[in-house]
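The file model.txt contains compact mmCIF, C-alpha atoms and all ligand atoms:
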```txt
# COMPACT_ATOMS: atom_id res chain seq x y z
CA MET A 1 -36.36 24.41 65.85
CA LEU A 2 -33.43 23.53 63.61
CA ASN A 3 -31.31 26.29 62.16
CA ILE A 4 -30.23 24.50 58.98
CA ARG A 5 -27.20 25.76 57.09
CA ILE A 6 -27.55 25.23 53.35
CA GLU A 7 -24.58 24.78 51.03
CA LYS A 8 -25.69 24.35 47.41
CA THR A 9 -23.81 22.22 44.92
CA THR A 10 -21.85 23.97 42.18
CA ALA A 11 -22.11 20.90 39.94
CA PRO A 12 -25.78 19.85 39.69
CA LYS A 13 -26.38 16.45 38.09
CA ALA A 14 -28.68 15.76 35.15
CA LYS A 15 -32.16 14.82 36.35
CA PRO A 16 -33.96 11.78 34.93
CA ALA A 17 -35.99 12.64 31.84
CA LYS A 18 -39.80 12.48 31.92
CA GLY A 19 -40.87 8.95 31.06
CA GLU A 20 -37.48 7.47 32.03
CA LYS A 21 -37.75 4.17 33.93
CA LEU A 22 -36.55 5.00 37.45
CA GLY A 23 -36.71 1.67 39.26
CA PHE A 24 -36.44 1.95 43.03
CA GLY A 25 -33.55 3.46 44.98
CA HIS A 26 -30.95 3.72 42.20
CA ILE A 27 -30.76 7.47 41.61
CA PHE A 28 -29.60 10.03 44.17
CA THR A 29 -29.99 13.80 44.02
CA ASP A 30 -27.69 16.80 44.45
CA HIS A 31 -27.94 17.32 48.22
CA MET A 32 -28.25 15.52 51.53
CA PHE A 33 -29.07 16.50 55.11
CA VAL A 34 -26.48 15.83 57.83
CA MET A 35 -26.49 16.47 61.61
CA ASN A 36 -23.99 15.32 64.24
CA TYR A 37 -24.50 14.04 67.76
CA THR A 38 -21.98 13.88 70.56
CA GLU A 39 -22.78 12.67 74.07
CA GLY A 40 -23.04 15.65 76.43
CA LYS A 41 -23.56 18.09 73.55
CA GLY A 42 -26.64 16.67 71.83
CA TRP A 43 -27.53 17.05 68.15
CA TYR A 44 -25.70 19.88 66.41
CA ASP A 45 -24.70 21.45 63.10
CA PRO A 46 -27.77 20.61 61.00
CA ARG A 47 -26.83 21.21 57.36
CA ILE A 48 -27.82 20.51 53.80
CA VAL A 49 -24.71 19.93 51.73
CA PRO A 50 -23.85 18.57 48.29
CA TYR A 51 -24.51 14.79 48.07
CA GLN A 52 -21.14 13.17 48.72
CA ASN A 53 -19.40 10.11 50.10
CA LEU A 54 -18.89 9.95 53.86
CA SER A 55 -15.45 9.80 55.37
CA LEU A 56 -15.54 7.38 58.32
CA SER A 57 -12.96 5.43 60.27
CA PRO A 58 -13.02 1.70 59.39
CA ALA A 59 -13.45 1.22 63.14
CA SER A 60 -16.78 3.13 63.14
CA MET A 61 -19.13 1.09 65.30
CA VAL A 62 -21.91 0.93 62.72
CA PHE A 63 -19.70 -1.30 60.54
CA HIS A 64 -19.15 -3.84 63.30
CA TYR A 65 -22.25 -4.09 65.45
CA GLY A 66 -24.89 -2.56 63.19
CA GLN A 67 -26.01 0.21 65.55
CA GLU A 68 -28.20 2.11 63.09
CA MET A 69 -31.82 2.90 62.37
CA PHE A 70 -33.50 3.97 59.16
CA GLU A 71 -36.84 5.28 57.99
CA GLY A 72 -38.65 5.51 54.67
CA LEU A 73 -41.20 8.03 53.44
CA LYS A 74 -42.02 9.80 50.18
CA ALA A 75 -42.60 13.26 48.71
CA TYR A 76 -45.09 13.75 45.89
CA LYS A 77 -45.67 16.54 43.37
CA GLY A 78 -49.42 17.10 43.30
CA GLU A 79 -51.44 17.92 40.20
CA ASP A 80 -51.80 21.36 41.80
CA ASP A 81 -47.97 21.61 41.62
CA LYS A 82 -47.74 21.59 45.42
CA VAL A 83 -45.26 19.27 47.14
CA TYR A 84 -46.65 16.86 49.74
CA LEU A 85 -45.37 14.47 52.38
CA PHE A 86 -47.55 11.64 53.74
CA ARG A 87 -47.83 11.39 57.55
CA PRO A 88 -44.18 12.32 58.30
CA ASP A 89 -45.05 12.60 62.02
CA MET A 90 -45.58 8.81 62.05
CA ASN A 91 -42.05 8.25 60.70
CA ALA A 92 -40.61 10.68 63.26
CA LYS A 93 -42.31 8.76 66.09
CA ARG A 94 -41.29 5.36 64.76
CA ALA A 95 -37.70 6.57 64.29
CA ASN A 96 -37.50 7.21 68.02
CA GLN A 97 -39.08 3.83 68.86
CA SER A 98 -36.29 2.27 66.79
CA ASN A 99 -33.72 4.60 68.38
CA ASP A 100 -34.85 3.60 71.88
CA ARG A 101 -34.45 -0.11 71.07
CA LEU A 102 -30.98 0.50 69.61
CA CYS A 103 -29.69 2.84 72.37
CA ILE A 104 -29.46 5.68 69.83
CA PRO A 105 -30.36 9.15 71.18
CA ASN A 106 -33.81 10.42 70.23
CA ILE A 107 -34.22 13.04 67.54
CA PRO A 108 -36.92 15.60 68.49
CA GLU A 109 -39.88 14.72 66.24
CA GLU A 110 -40.21 18.27 64.93
CA ASP A 111 -36.49 18.28 64.00
CA PHE A 112 -36.84 14.98 62.13
CA VAL A 113 -39.77 16.37 60.13
CA GLU A 114 -38.02 19.70 59.55
CA ALA A 115 -34.87 17.96 58.23
CA VAL A 116 -37.00 15.98 55.76
CA ARG A 117 -39.08 19.02 54.79
CA ALA A 118 -36.05 21.27 54.24
CA LEU A 119 -34.22 18.72 52.07
CA VAL A 120 -37.34 18.04 49.99
CA GLU A 121 -37.77 21.78 49.49
CA VAL A 122 -34.19 22.09 48.20
CA GLU A 123 -34.60 19.00 45.96
CA GLN A 124 -38.17 19.62 44.80
CA ASP A 125 -37.18 19.76 41.13
CA TRP A 126 -36.09 16.12 41.49
CA ILE A 127 -39.60 14.93 42.39
CA PRO A 128 -40.72 12.84 39.42
CA THR A 129 -44.22 13.36 38.07
CA ASP A 130 -44.87 10.28 35.93
CA PRO A 131 -47.74 8.12 37.26
CA GLY A 132 -46.63 5.83 40.09
CA THR A 133 -43.42 7.77 40.82
CA SER A 134 -42.33 9.81 43.84
CA LEU A 135 -39.26 11.04 45.68
CA TYR A 136 -38.33 8.28 48.15
CA ILE A 137 -36.83 9.72 51.34
CA ARG A 138 -34.37 7.75 53.44
CA PRO A 139 -33.54 9.25 56.88
CA PHE A 140 -31.04 7.21 58.90
CA VAL A 141 -28.73 7.35 61.91
CA ILE A 142 -25.36 5.60 62.19
CA ALA A 143 -23.03 5.07 65.16
CA THR A 144 -19.66 6.68 64.41
CA ASP A 145 -17.38 6.07 67.41
CA ASP A 146 -14.19 4.33 66.32
CA PHE A 147 -14.16 1.61 68.94
CA LEU A 148 -14.31 -2.17 68.77
CA GLY A 149 -15.92 -2.76 72.17
CA VAL A 150 -19.61 -3.63 72.26
CA ALA A 151 -21.35 -0.59 73.80
CA PRO A 152 -23.60 2.23 72.62
CA SER A 153 -21.65 4.78 70.58
CA LYS A 154 -21.18 8.29 71.96
CA ASN A 155 -21.20 9.89 68.49
CA TYR A 156 -23.72 9.59 65.67
CA LEU A 157 -24.63 11.03 62.30
CA PHE A 158 -28.23 11.64 61.26
CA LEU A 159 -28.52 11.79 57.48
CA VAL A 160 -31.34 12.15 54.98
CA ILE A 161 -30.91 11.22 51.33
CA VAL A 162 -33.58 11.19 48.62
CA SER A 163 -34.09 9.12 45.49
CA PRO A 164 -36.54 9.66 42.61
CA SER A 165 -38.20 6.26 42.34
CA GLY A 166 -40.90 4.25 40.63
CA ALA A 167 -42.61 1.07 41.84
CA TYR A 168 -40.67 -1.06 44.35
CA TYR A 169 -41.35 -4.24 42.40
CA ALA A 170 -40.12 -4.47 38.81
CA SER A 171 -43.54 -5.93 37.99
CA GLY A 172 -45.27 -2.68 39.11
CA LEU A 173 -48.86 -3.38 40.16
CA ALA A 174 -48.90 -6.91 38.72
CA PRO A 175 -49.47 -9.47 41.52
CA VAL A 176 -46.26 -10.90 42.99
CA GLY A 177 -45.49 -14.40 44.26
CA ILE A 178 -44.57 -14.76 47.93
CA TRP A 179 -42.62 -17.56 49.59
CA ILE A 180 -43.74 -18.46 53.13
CA GLU A 181 -40.45 -19.26 54.87
CA ASP A 182 -40.38 -22.40 56.99
CA GLU A 183 -36.65 -22.67 57.79
CA TYR A 184 -35.29 -19.25 58.79
CA VAL A 185 -36.93 -16.64 61.05
CA ARG A 186 -36.62 -12.85 60.92
CA ALA A 187 -37.37 -11.77 64.49
CA VAL A 188 -38.62 -12.92 67.86
CA LYS A 189 -40.51 -11.14 70.63
CA GLY A 190 -38.04 -9.14 72.69
CA GLY A 191 -35.77 -8.81 69.65
CA MET A 192 -35.75 -5.93 67.17
CA GLY A 193 -38.57 -6.94 64.83
CA PHE A 194 -40.61 -3.79 65.44
CA ALA A 195 -37.61 -1.52 64.85
CA LYS A 196 -36.46 -0.33 61.47
CA THR A 197 -32.83 -1.33 61.54
CA GLY A 198 -30.45 -2.91 59.08
CA GLY A 199 -29.98 -6.11 61.10
CA ASN A 200 -33.58 -7.20 60.51
CA TYR A 201 -33.08 -6.86 56.78
CA ALA A 202 -29.66 -8.54 56.84
CA ALA A 203 -31.32 -11.48 58.62
CA SER A 204 -33.85 -11.70 55.79
CA LEU A 205 -31.44 -11.97 52.87
CA ILE A 206 -30.71 -15.67 52.96
CA ALA A 207 -34.39 -16.60 52.65
CA GLN A 208 -34.94 -13.91 50.03
CA VAL A 209 -32.18 -15.40 47.86
CA LYS A 210 -33.78 -18.83 48.23
CA ALA A 211 -37.21 -17.43 47.32
CA HIS A 212 -35.82 -15.55 44.30
CA ASP A 213 -34.07 -18.68 43.06
CA ASP A 214 -37.47 -20.34 43.07
CA GLY A 215 -39.13 -17.47 41.18
CA TYR A 216 -40.79 -15.70 44.15
CA SER A 217 -40.45 -11.93 44.75
CA GLN A 218 -40.47 -11.80 48.54
CA VAL A 219 -40.51 -13.83 51.73
CA LEU A 220 -43.41 -13.99 54.18
CA TRP A 221 -42.08 -14.62 57.67
CA LEU A 222 -43.63 -16.81 60.30
CA ASP A 223 -43.25 -16.20 64.05
CA GLY A 224 -39.88 -17.10 65.48
CA VAL A 225 -41.11 -19.48 68.21
CA GLU A 226 -43.76 -21.79 66.77
CA ARG A 227 -43.16 -20.97 63.08
CA LYS A 228 -46.89 -21.07 62.76
CA TYR A 229 -48.24 -17.53 62.79
CA ILE A 230 -47.96 -15.02 59.92
CA GLU A 231 -45.77 -11.99 60.66
CA GLU A 232 -44.71 -9.76 57.73
CA VAL A 233 -43.11 -9.74 54.30
CA GLY A 234 -39.52 -8.58 53.69
CA ALA A 235 -40.46 -5.05 52.62
CA MET A 236 -44.11 -4.78 53.65
CA ASN A 237 -46.88 -5.71 56.08
CA ILE A 238 -49.38 -8.28 54.87
CA PHE A 239 -53.19 -8.23 54.63
CA PHE A 240 -55.73 -10.91 53.72
CA LYS A 241 -59.36 -10.64 52.73
CA ILE A 242 -60.93 -13.83 54.04
CA ALA A 243 -64.68 -14.35 53.56
CA GLY A 244 -65.26 -10.60 53.28
CA LYS A 245 -63.21 -9.68 56.39
CA VAL A 246 -59.95 -7.75 56.27
CA VAL A 247 -57.40 -9.55 58.42
CA THR A 248 -53.80 -8.63 59.29
CA PRO A 249 -51.36 -9.82 61.96
CA MET A 250 -51.61 -7.76 65.15
CA LEU A 251 -48.61 -5.69 66.24
CA ASN A 252 -46.91 -8.07 68.64
CA GLY A 253 -43.43 -6.54 69.00
CA SER A 254 -41.82 -8.58 66.27
CA ILE A 255 -43.40 -6.93 63.23
CA LEU A 256 -43.03 -3.43 61.85
CA PRO A 257 -45.76 -0.91 62.72
CA GLY A 258 -46.17 0.28 59.13
CA VAL A 259 -47.50 3.74 58.29
CA THR A 260 -49.30 2.34 55.22
CA ARG A 261 -50.59 -0.56 57.36
CA ASN A 262 -52.13 1.94 59.76
CA SER A 263 -53.60 3.97 56.87
CA VAL A 264 -55.15 0.87 55.26
CA LEU A 265 -56.72 -0.19 58.57
CA THR A 266 -58.18 3.30 59.02
CA LEU A 267 -59.60 3.37 55.48
CA CYS A 268 -61.06 -0.16 55.66
CA ARG A 269 -62.78 0.64 58.96
CA ALA A 270 -64.09 3.95 57.56
CA TRP A 271 -65.47 2.07 54.53
CA GLY A 272 -67.38 -0.30 56.80
CA TYR A 273 -65.30 -3.46 56.40
CA GLU A 274 -65.04 -5.82 59.32
CA VAL A 275 -61.36 -5.59 60.25
CA GLU A 276 -59.39 -7.94 62.47
CA GLU A 277 -55.86 -7.45 63.81
CA ARG A 278 -55.05 -10.82 65.27
CA ARG A 279 -52.89 -13.92 65.06
CA ILE A 280 -53.32 -15.74 61.75
CA SER A 281 -51.89 -19.22 61.46
CA VAL A 282 -50.44 -20.43 58.21
CA ASP A 283 -52.80 -23.44 58.50
CA GLU A 284 -55.79 -21.08 58.52
CA LEU A 285 -54.44 -19.45 55.38
CA VAL A 286 -53.89 -22.73 53.56
CA ALA A 287 -57.40 -23.85 54.56
CA ALA A 288 -58.92 -20.54 53.34
CA ALA A 289 -57.07 -20.86 50.04
CA LYS A 290 -58.34 -24.44 49.66
CA ASP A 291 -61.99 -23.67 50.48
CA GLY A 292 -62.04 -20.55 48.30
CA THR A 293 -62.53 -17.96 51.07
CA LEU A 294 -59.07 -16.39 50.62
CA GLU A 295 -60.31 -13.61 48.36
CA GLU A 296 -57.40 -11.18 48.26
CA VAL A 297 -53.85 -10.89 49.57
CA PHE A 298 -51.86 -7.66 49.47
CA GLY A 299 -48.82 -6.09 51.07
CA THR A 300 -48.52 -2.53 52.34
CA GLY A 301 -45.44 -0.37 52.77
CA THR A 302 -44.06 3.04 51.95
CA ALA A 303 -41.95 1.69 49.11
CA ALA A 304 -44.44 -1.02 48.09
CA VAL A 305 -47.56 1.21 48.61
CA VAL A 306 -50.34 -1.43 48.24
CA SER A 307 -49.02 -4.42 46.28
CA PRO A 308 -51.19 -7.35 45.22
CA VAL A 309 -50.02 -10.89 45.94
CA GLY A 310 -51.08 -13.47 43.34
CA LYS A 311 -49.38 -16.59 44.65
CA LEU A 312 -48.32 -17.94 48.05
CA ARG A 313 -46.10 -20.95 48.54
CA TYR A 314 -45.90 -22.86 51.83
CA MET A 315 -43.96 -26.11 51.83
CA ASN A 316 -45.74 -28.29 49.26
CA ASP A 317 -48.77 -26.03 48.85
CA VAL A 318 -48.86 -23.37 46.13
CA MET A 319 -51.91 -21.14 46.52
CA GLN A 320 -53.09 -19.06 43.56
CA ILE A 321 -55.05 -15.95 44.52
CA GLY A 322 -57.32 -13.85 42.32
CA GLY A 323 -56.48 -15.54 39.00
CA GLY A 324 -53.47 -13.29 38.40
CA GLU A 325 -55.60 -10.11 38.67
CA ILE A 326 -55.38 -7.36 41.28
CA GLY A 327 -58.29 -7.69 43.77
CA GLU A 328 -61.07 -5.10 43.96
CA LEU A 329 -60.25 -3.95 47.51
CA THR A 330 -56.51 -3.92 46.77
CA GLN A 331 -57.09 -1.66 43.76
CA LYS A 332 -59.49 0.57 45.72
CA LEU A 333 -56.94 1.00 48.51
CA TYR A 334 -54.11 1.70 46.05
CA ASP A 335 -56.23 4.32 44.26
CA GLU A 336 -57.36 5.98 47.50
CA ILE A 337 -53.94 6.10 49.16
CA THR A 338 -52.08 7.32 46.07
CA GLY A 339 -54.98 9.72 45.35
CA ILE A 340 -54.52 11.27 48.81
CA GLN A 341 -50.71 11.26 48.47
CA TRP A 342 -50.74 12.96 45.07
CA GLY A 343 -53.35 15.54 46.11
CA LYS A 344 -55.98 14.15 43.72
CA ARG A 345 -58.50 13.08 46.35
CA PRO A 346 -59.87 14.68 49.54
CA ASP A 347 -57.77 14.08 52.65
CA PRO A 348 -60.38 13.45 55.40
CA PHE A 349 -57.82 12.27 57.97
CA GLY A 350 -55.35 15.14 57.49
CA TRP A 351 -52.53 12.84 56.34
CA ARG A 352 -51.13 15.07 53.62
CA VAL A 353 -48.53 17.65 54.71
CA GLU A 354 -47.63 20.43 52.32
CA VAL A 355 -43.89 21.16 52.13
C1 LIG A 401 -40.08 1.30 53.03
O1 LIG A 401 -41.11 0.81 52.58
O2 LIG A 401 -39.92 2.52 53.12
C2 LIG A 401 -38.99 0.48 53.52
O3 LIG A 401 -38.18 0.98 54.23
C3 LIG A 401 -38.86 -0.91 53.08
C4 LIG A 401 -37.53 -1.09 52.46
C5 LIG A 401 -37.10 -2.46 52.64
C6 LIG A 401 -37.55 -0.66 51.02
```

Can you turn what I pasted into structure tokens?
Ligand code: COI
Amino acid sequence: MLNIRIEKTTAPKAKPAKGEKLGFGHIFTDHMFVMNYTEGKGWYDPRIVPYQNLSLSPASMVFHYGQEMFEGLKAYKGEDDKVYLFRPDMNAKRANQSNDRLCIPNIPEEDFVEAVRALVEVEQDWIPTDPGTSLYIRPFVIATDDFLGVAPSKNYLFLVIVSPSGAYYASGLAPVGIWIEDEYVRAVKGGMGFAKTGGNYAASLIAQVKAHDDGYSQVLWLDGVERKYIEEVGAMNIFFKIAGKVVTPMLNGSILPGVTRNSVLTLCRAWGYEVEERRISVDELVAAAKDGTLEEVFGTGTAAVVSPVGKLRYMNDVMQIGGGEIGELTQKLYDEITGIQWGKRPDPFGWRVEV
């Protein structure tokens, strides 16, 4: 159990006004959680301190070899005025899967959740309440040894910062266009694709710029070997409704095991849909779009929640989906998941955690 020292700011910042457009990840609050790690000593000095810049040596290993992991989850202010987290245990588990891959020491799951819970409690007045908004939580670990050799660091910082945020996409719930990338790849089996670490996202930028230049919001990655099978989108997992079935790429080591992905699979199965986690080739997708059986496409993620996709581009094919409207299942999933998160709907799976 963490014994967290709390040092409150003496200069609180102005909070965003009700109705103010928040965007995603631009605004930071008054406090942050910090904990140190040193080899032989373990994690120590958990504290919540005023939000501030870090002072690090330019030789800190995170700057050179990218030894870091991050997580993403959200806190919500319910209509009952209670504060909720959504499945934080899943983030704690995944953080350690990423840590293992990156040779970063594990954080006990209960300490990860307690750090998040304690910071959210201190910052609860920052949780926005306008529809579609929440307090985005970003836990992360960085390697802090000042050393230019390639080796696991012996010192780390675990930090949690929070950001009042609205929809991830500027377009909100309007369907987005996705570019299926045929030149670059994001990850390969045996690499770090399943881990949440900056390098995967750095690898994605070049294709994202290309996609943006062409008017698309995000990139859909194909597998790194055959460039044939669908993997995931830059900031979300991907789902298709093909001839009534819900289909998503199986977890194969190179895609992220999303918390929202898992929740959507659970809900779809509970609602009686036929659900398949399997390999999906881009050719199958193009064929389904052409013969009219590609009924819905949506992405899932903590930041993105459930986001409809209205257009897919692959080489010379541009596939329009759903006539620019959000699909029925996509809307139903969005309503159910946000309803559970905001405490408006029953929580049959016990996903909501009161802070
Ligand atoms: C999240 O959905 O929490 C993520 O970490 C994705 C990120 C690229 C915004």

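All residues, whether protein, DNA or RNA, that have an atom at most 9 Å from ligand LIG 401 (chain A) (counting all atoms listed in the file) are Phe24, Gly25, Phe70, Glu71, Gly72, Leu73, Lys74, Tyr136, Ile137, Arg138, Tyr168, Lys196, Tyr201, Gly234, Ala235, Met236, Gly258, Thr260, Thr300, Gly301, Thr302, Ala303, Ala304 and Val305 of chain A.
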
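Proximity to Gly198 of chain A was assessed for A:Trp342, A:Tyr334, A:Phe349, A:Phe63 counting only C-alpha atoms; the smallest distance is recorded for A:Phe63.
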
Q | All residues 9 Å or closer to Met1 of chain A, only C-alpha atoms, same chain fewer than 3 positions away omitted, as a ChimeraX atom specification | A | /A:110-111,114

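Of the listed residues A:Tyr51, A:Trp126, A:Tyr156, A:Tyr216, the one whose atoms come nearest to Tyr169 of chain A is A:Tyr216, with distances taken using all atoms listed in the file.
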
Q: Choose the residue, out of A:Pro50, A:Pro108, A:Gly244, A:Pro249, that has the smallest atom-to-atom separation from His31 of chain A; count only C-alpha atoms.
A: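 Checking each of A:Pro50, A:Pro108, A:Gly244, A:Pro249 against His31 of chain A, counting only C-alpha atoms, the winner is A:Pro50.
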
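Taking only C-alpha atoms into account, Val246 of chain A lies nearest to A:Leu329 out of the set A:Leu329, A:Leu222, A:Leu173, A:Ala287.
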
(Q) Which residues are near Arg279 of chain A? Cut-off 9 Å, all atoms listed in the file, ignore same chain within fewer than 2 positions. Put them as a ChimeraX atom specification. (A) /A:229-231,248-250,277,281

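Comparing A:Ile255, A:Ala11, A:Leu135, A:Ile161 by their smallest distance to Met192 of chain A, the closest is A:Ile255 (using all atoms listed in the file).
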
Q) For the atom pair atom CA of Gly343 of chain A and atom CA of Lys77 of chain A, what is the interatomic distance in Å to one decimal place? A) 8.2 Å

Would you kindly return, as a short mmCIF file (atom, residue, chain, number, x, y, z; two decimals) with C-alpha atoms, keeping the file's coordinate frame, each protein, DNA or RNA residue with an atom no farther than 12 Å from any atom of Tyr65 of chain A, considering all atoms listed in the file and excluding same-chain residues fewer than 2 positions away?
```cif
data_model
loop_
_atom_site.label_atom_id
_atom_site.label_comp_id
_atom_site.auth_asym_id
_atom_site.auth_seq_id
_atom_site.Cartn_x
_atom_site.Cartn_y
_atom_site.Cartn_z
CA ALA A 59 -13.45 1.22 63.14
CA SER A 60 -16.78 3.13 63.14
CA MET A 61 -19.13 1.09 65.30
CA VAL A 62 -21.91 0.93 62.72
CA PHE A 63 -19.70 -1.30 60.54
CA GLN A 67 -26.01 0.21 65.55
CA GLU A 68 -28.20 2.11 63.09
CA LEU A 102 -30.98 0.50 69.61
CA ILE A 142 -25.36 5.60 62.19
CA ALA A 143 -23.03 5.07 65.16
CA THR A 144 -19.66 6.68 64.41
CA ASP A 145 -17.38 6.07 67.41
CA ASP A 146 -14.19 4.33 66.32
CA PHE A 147 -14.16 1.61 68.94
CA LEU A 148 -14.31 -2.17 68.77
CA GLY A 149 -15.92 -2.76 72.17
CA VAL A 150 -19.61 -3.63 72.26
CA ALA A 151 -21.35 -0.59 73.80
CA PRO A 152 -23.60 2.23 72.62
CA SER A 153 -21.65 4.78 70.58
CA THR A 197 -32.83 -1.33 61.54
CA GLY A 198 -30.45 -2.91 59.08
CA GLY A 199 -29.98 -6.11 61.10
#
```

Q.
Would you compute the distance between atom CA of Gly23 of chain A and atom CA of Phe239 of chain A? Give it in Å to one decimal.
A.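 Going from atom CA of Gly23 of chain A over to atom CA of Phe239 of chain A, I get 24.6 Å.
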
**Q.** Å distance separating atom CA of Asp30 of chain A from atom CA of Glu123 of chain A, one decimal place
**A.**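 Separation of atom CA of Asp30 of chain A and atom CA of Glu123 of chain A: 7.4 Å.
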
Atoms are missing here; could segment 10-23 of chain A be completed with N, CA, C and O atoms and written as an mmCIF file, in the frame of the given file?
```
data_model
loop_
_atom_site.group_PDB
_atom_site.id
_atom_site.type_symbol
_atom_site.label_atom_id
_atom_site.label_comp_id
_atom_site.auth_asym_id
_atom_site.auth_seq_id
_atom_site.Cartn_x
_atom_site.Cartn_y
_atom_site.Cartn_z
ATOM 1 N N THR A 10 -22.224 23.156 43.344
ATOM 2 C CA THR A 10 -21.850 23.970 42.180
ATOM 3 C C THR A 10 -21.857 23.102 40.924
ATOM 4 O O THR A 10 -21.584 23.587 39.838
ATOM 5 N N ALA A 11 -22.134 21.810 41.102
ATOM 6 C CA ALA A 11 -22.110 20.900 39.940
ATOM 7 C C ALA A 11 -23.374 20.040 39.939
ATOM 8 O O ALA A 11 -23.319 18.831 40.196
ATOM 9 N N PRO A 12 -24.545 20.656 39.676
ATOM 10 C CA PRO A 12 -25.780 19.850 39.690
ATOM 11 C C PRO A 12 -25.762 18.753 38.635
ATOM 12 O O PRO A 12 -25.201 18.930 37.559
ATOM 13 N N LYS A 13 -26.364 17.609 39.011
ATOM 14 C CA LYS A 13 -26.380 16.450 38.090
ATOM 15 C C LYS A 13 -27.582 16.564 37.160
ATOM 16 O O LYS A 13 -28.548 17.271 37.461
ATOM 17 N N ALA A 14 -27.530 15.814 36.064
ATOM 18 C CA ALA A 14 -28.680 15.760 35.150
ATOM 19 C C ALA A 14 -29.800 14.991 35.841
ATOM 20 O O ALA A 14 -29.555 13.949 36.462
ATOM 21 N N LYS A 15 -31.019 15.513 35.736
ATOM 22 C CA LYS A 15 -32.160 14.820 36.350
ATOM 23 C C LYS A 15 -32.722 13.803 35.356
ATOM 24 O O LYS A 15 -32.568 13.977 34.148
ATOM 25 N N PRO A 16 -33.375 12.752 35.854
ATOM 26 C CA PRO A 16 -33.960 11.780 34.930
ATOM 27 C C PRO A 16 -34.984 12.481 34.027
ATOM 28 O O PRO A 16 -35.687 13.390 34.469
ATOM 29 N N ALA A 17 -35.039 12.043 32.772
ATOM 30 C CA ALA A 17 -35.990 12.640 31.840
ATOM 31 C C ALA A 17 -37.399 12.139 32.140
ATOM 32 O O ALA A 17 -37.562 11.043 32.716
ATOM 33 N N LYS A 18 -38.415 12.921 31.777
ATOM 34 C CA LYS A 18 -39.800 12.480 31.920
ATOM 35 C C LYS A 18 -39.976 11.167 31.151
ATOM 36 O O LYS A 18 -39.440 11.029 30.048
ATOM 37 N N GLY A 19 -40.635 10.223 31.754
ATOM 38 C CA GLY A 19 -40.870 8.950 31.060
ATOM 39 C C GLY A 19 -39.738 7.949 31.257
ATOM 40 O O GLY A 19 -39.891 6.778 30.922
ATOM 41 N N GLU A 20 -38.607 8.395 31.823
ATOM 42 C CA GLU A 20 -37.480 7.470 32.030
ATOM 43 C C GLU A 20 -37.835 6.454 33.117
ATOM 44 O O GLU A 20 -38.440 6.809 34.127
ATOM 45 N N LYS A 21 -37.462 5.195 32.930
ATOM 46 C CA LYS A 21 -37.750 4.170 33.930
ATOM 47 C C LYS A 21 -36.821 4.389 35.128
ATOM 48 O O LYS A 21 -35.595 4.363 34.974
ATOM 49 N N LEU A 22 -37.372 4.627 36.300
ATOM 50 C CA LEU A 22 -36.550 5.000 37.450
ATOM 51 C C LEU A 22 -36.129 3.797 38.289
ATOM 52 O O LEU A 22 -35.082 3.830 38.936
ATOM 53 N N GLY A 23 -36.965 2.759 38.309
ATOM 54 C CA GLY A 23 -36.710 1.670 39.260
ATOM 55 C C GLY A 23 -36.874 2.211 40.669
ATOM 56 O O GLY A 23 -37.460 3.286 40.885
#
```
